[in-house]
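Participant: Before anything else, here's the structure in question.
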Amino acid sequence: MSFDVHVHPWTRDFMKKNGPIMKACDFFKLDVDKLPGSTEQILEEMEASGVARAVILGQDTSATRNPAFRNYTLRNDEIAAMAAGSKDRLVPFAGVDPNAGSGAVKELKRAVRELGMRGLKIHSSANSVYINDRKLMFPIYEYCQEAGIPVLLHTGTTGLGDTEIRYSKPELVDEVCTAFPDLKVVMAHFGWPWPEVTLAIALRSPNVFIDVSGWKPRYIPQSVMPYLNGILQDRFLFGTDYPMLRHKEWMDDFKASLEPKLKPGVSEKLLSGNAKRLFA
Ligand SMILES: [Zn+2]
């Protein structure tokens with residue numbers, strides 16, 4: 001049974017009030033009327049595609065100056081409540097806004113200790129903060145390392161409108177891994193268009209994982225394949241980026257295009273084994 005590490009618990013109504021997300025829908029060529037009407041739909045769609053568990057991602061732009069992200073925050077209490085009703089099928093990741101400074105660390109501590117959040121998600125481009133910002137990001141990483149929770153970082157380009165890629169370049173993760181060698185980091189979307197940089201960082205840093213979300217499996221770059229099938233086979237994680245890609249779409253494409261190319265055992269590691277190790 002598979003474990004999706006990258007799900008946004010968004011509904012159509014939430015998406016419609018966020019210009020940057022609607023621009024992402026254009027980017028992914030999504031029909032707005034087919035977007036999820038409720039958060040319960042996540043569990044239904046997972047069930048129908050044999051996906052046993054999923055990480056649901058928080059997001060917080062409450063202290064970010066970019067006005068396009070005014071309606072973008074999903075409160076940690078909401079994320080925790082969704083997970084609480086899911087019989088452990090949904091694994092909650094907190095969102096905090098690094099621009100809040102010490103308030104971000106305080107909220108993260110509350111989310112972990114009081115709400116039982118199991119990790120953190122940061123989308124640096126949405127927050128207009130560099131991944132390697134020593135003042136705003138490093139105190140957050142320090143707490144994650146100490147608490148033993150993974151941080152999932154958006155890396156590479158983004159479909160989100162009204163943002164800049166420069167904050168999320170995968171090369172910035174190298175400095176983080178050097179400063180926090182015990183921190184578990186997930187580099188989302190293999191950092192495209194810099195997948196080789198992402199691979200190099202994972203080769204240097206044993207606690208780096210790479211999620212393949214946001215891409216139909218058939219489009220995973222050729223340069224990534226030998227690593228997925230070889231030396232980094234213990235580090236790749238299945239993710240959809242729901243609702244930008246839906247579970248059935250991803251799984252059908254995986255079975256038709258990618259699974260036949262994987263060496264024995266690699267499919268199981270990608271779909272669930274590595275995610276279990278992420279939380280070990
Ligand atoms: Zn995403």
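Every chain in the structure tokens has a letter given in the order shown (A, B, ...), and although residue numbers restart at 1 in each chain, ligands are simply numbered from 1 in the order shown.
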Please identify all polymer residues within 9 Å of Pro98 of chain A, counting only C-alpha atoms, omitting same-chain residues fewer than 3 positions from it, and present them as a list in words.

Facilitator: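 That gives Asp60, Thr61, Ala63, Thr64, Gly101, Ser102, Gly103, Ala104, Val105, Ile122, Ser124, Asn127, Val129, Leu136, Met137 and Ile140 of chain A.
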
Participant: Would you output that residue set with C-alpha atoms, as a PDB file, in the first residue's frame?

Facilitator:
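Wrote it out as out-v2.pdb, contents follow:
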```
ATOM      1  CA  ASP A  60       1.325  29.913   6.351  1.00  0.00           C
ATOM      2  CA  THR A  61       1.848  33.286   4.705  1.00  0.00           C
ATOM      3  CA  ALA A  63       3.507  37.462   7.952  1.00  0.00           C
ATOM      4  CA  THR A  64       4.499  37.524   4.255  1.00  0.00           C
ATOM      5  CA  GLY A 101      10.756  35.322  13.155  1.00  0.00           C
ATOM      6  CA  SER A 102      10.667  33.844  16.659  1.00  0.00           C
ATOM      7  CA  GLY A 103       6.867  33.602  16.319  1.00  0.00           C
ATOM      8  CA  ALA A 104       7.389  30.969  13.600  1.00  0.00           C
ATOM      9  CA  VAL A 105       9.457  28.739  15.885  1.00  0.00           C
ATOM     10  CA  ILE A 122       7.890  25.426   3.711  1.00  0.00           C
ATOM     11  CA  SER A 124      10.076  29.570   0.171  1.00  0.00           C
ATOM     12  CA  ASN A 127       7.007  33.249   1.616  1.00  0.00           C
ATOM     13  CA  VAL A 129      12.375  33.889   1.945  1.00  0.00           C
ATOM     14  CA  LEU A 136      14.693  33.478   9.364  1.00  0.00           C
ATOM     15  CA  MET A 137      15.110  29.825   8.379  1.00  0.00           C
ATOM     16  CA  ILE A 140      13.305  26.706  12.292  1.00  0.00           C
TER      17      ILE A 140
END
```

Participant: Between chain A and ligand 1, at 7 Å or less, what are the per-residue closest atom pairs and their distances in Å? Count only C-alpha atoms and all ligand atoms, order by chain and rising residue number, and return it as a tab-separated table.

Facilitator:
```
residue	atom	partner	partner_atom_place_in_ligand_line	distance
A:His6	CA	ligand 1	1 (Zn)	6.2
A:Val7	CA	ligand 1	1 (Zn)	6.9
A:His8	CA	ligand 1	1 (Zn)	6.5
A:Gly214	CA	ligand 1	1 (Zn)	6.7
A:Asp241	CA	ligand 1	1 (Zn)	4.7
```

Participant: What gap, in Å, lies between atom CA of His123 of chain A and atom CA of Tyr141 of chain A?

Facilitator: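 Separation between atom CA of His123 of chain A and atom CA of Tyr141 of chain A: 13.9 Å.
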
Participant: Which of segment 232-277 of chain A counts as alpha helix (DSSP H) under DSSP, as a ChimeraX atom specification please?

Facilitator: /A:247-253,266-268,274-277

Participant: Keeping only C-alpha atoms, write the selected residues as a compact mmCIF listing (two decimals), in the first residue's frame.

Facilitator:
```txt
# COMPACT_ATOMS: atom_id res chain seq x y z
CA HIS A 247 -4.20 9.81 -7.20
CA LYS A 248 -5.82 7.85 -10.02
CA GLU A 249 -4.05 9.90 -12.69
CA TRP A 250 -0.66 9.42 -11.03
CA MET A 251 -1.11 5.70 -10.34
CA ASP A 252 -2.39 4.88 -13.84
CA ASP A 253 0.52 6.72 -15.39
CA VAL A 266 12.54 -0.17 -6.27
CA SER A 267 8.81 0.31 -6.81
CA GLU A 268 8.04 -0.74 -3.22
CA ASN A 274 11.24 5.07 1.94
CA ALA A 275 8.39 7.10 3.46
CA LYS A 276 8.37 4.72 6.43
CA ARG A 277 12.08 5.37 6.87
```

Participant: Between A:Leu237, A:Leu199, A:Ser125, A:Asp133, which one has atoms that come closest to Ser168 of chain A, using only C-alpha atoms?

Facilitator: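 Between A:Leu237, A:Leu199, A:Ser125, A:Asp133, the residue approaching Ser168 of chain A most closely is A:Ser125.
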
Participant: Give me, please, the distance in Å between atom CA of Met117 of chain A and atom CA of Glu45 of chain A, quoted to one decimal.

Facilitator: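 So the two atoms, atom CA of Met117 of chain A and atom CA of Glu45 of chain A, lie 22.9 Å apart.
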
Participant: Hey, what's within 7 Å of Ser272 of chain A if we count only C-alpha atoms and toss same-chain stuff fewer than 5 positions away? As an MDAnalysis selection string, please?

Facilitator: chainID A and resid 1:3

Participant: Just want the 10 Å neighbourhood of Gly230 of chain A, counted on only C-alpha atoms, with same-chain residues fewer than 5 positions away dropped. Output as a list in words.

Facilitator: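 Counting only C-alpha atoms, the residues come to Val224, Met225, Leu262, Lys263 and Val266 of chain A.
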
Participant: Filtering to C-alpha atoms, could you give me those residues as a PDB file, in the first residue's frame?

Facilitator:
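Saved result, part_25.pdb, follows:
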```pdb
ATOM      1  CA  VAL A 224      17.126  11.047 -12.667  1.00  0.00           C
ATOM      2  CA  MET A 225      16.381   7.444 -13.671  1.00  0.00           C
ATOM      3  CA  LEU A 262      12.155   0.009 -12.266  1.00  0.00           C
ATOM      4  CA  LYS A 263      14.498  -2.668 -10.954  1.00  0.00           C
ATOM      5  CA  VAL A 266      12.539  -0.168  -6.273  1.00  0.00           C
TER       6      VAL A 266
END
```

Participant: Pull the strand (DSSP E) assignments for segment 6-243 of chain A out of DSSP run on the backbone, and list those residues as a compact mmCIF listing (two decimals) with C-alpha atoms, in the first residue's frame.

Facilitator:
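Now in selection.txt:
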```
# COMPACT_ATOMS: atom_id res chain seq x y z
CA HIS A 6 2.76 15.55 -0.88
CA VAL A 7 -0.95 16.41 -0.64
CA VAL A 51 -3.09 4.84 -1.54
CA ALA A 52 -3.09 3.95 2.15
CA ARG A 53 -1.64 7.09 3.71
CA ALA A 54 -0.80 10.68 2.79
CA VAL A 55 0.99 13.66 4.25
CA ILE A 56 -1.26 16.73 4.28
CA LEU A 57 0.66 19.96 4.13
CA LEU A 90 -3.53 11.48 6.96
CA VAL A 91 -0.21 12.58 8.46
CA PRO A 92 -0.20 16.29 9.34
CA PHE A 93 2.70 18.60 8.47
CA ALA A 94 2.68 22.07 9.97
CA GLY A 95 3.07 25.30 8.06
CA GLY A 119 6.78 17.41 10.06
CA LEU A 120 7.00 20.87 8.51
CA LYS A 121 6.39 22.19 4.99
CA ILE A 122 7.89 25.43 3.71
CA VAL A 151 11.14 19.44 6.78
CA LEU A 152 9.67 19.24 3.28
CA LEU A 153 10.99 22.08 1.14
CA HIS A 154 9.54 23.15 -2.16
CA VAL A 185 15.05 17.19 4.42
CA VAL A 186 12.65 16.33 1.61
CA MET A 187 13.43 18.18 -1.62
CA ALA A 188 10.12 18.38 -3.45
CA VAL A 208 18.07 14.12 2.10
CA PHE A 209 15.01 12.57 0.43
CA ILE A 210 13.57 13.58 -2.94
CA ASP A 211 9.86 13.63 -3.73
CA PHE A 236 12.96 8.74 -3.49
CA LEU A 237 9.42 9.34 -2.26
```

Participant: Between A:Asn207, A:Asp77, A:Gly37, A:Pro195, single out the one closest to Arg110 of chain A, counting only C-alpha atoms.

Facilitator: A:Asp77

Participant: Measure the distance from atom CA of Asn99 of chain A to atom CA of Ala126 of chain A in Å and round it to one decimal.

Facilitator: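 It comes out at 11.1 Å.
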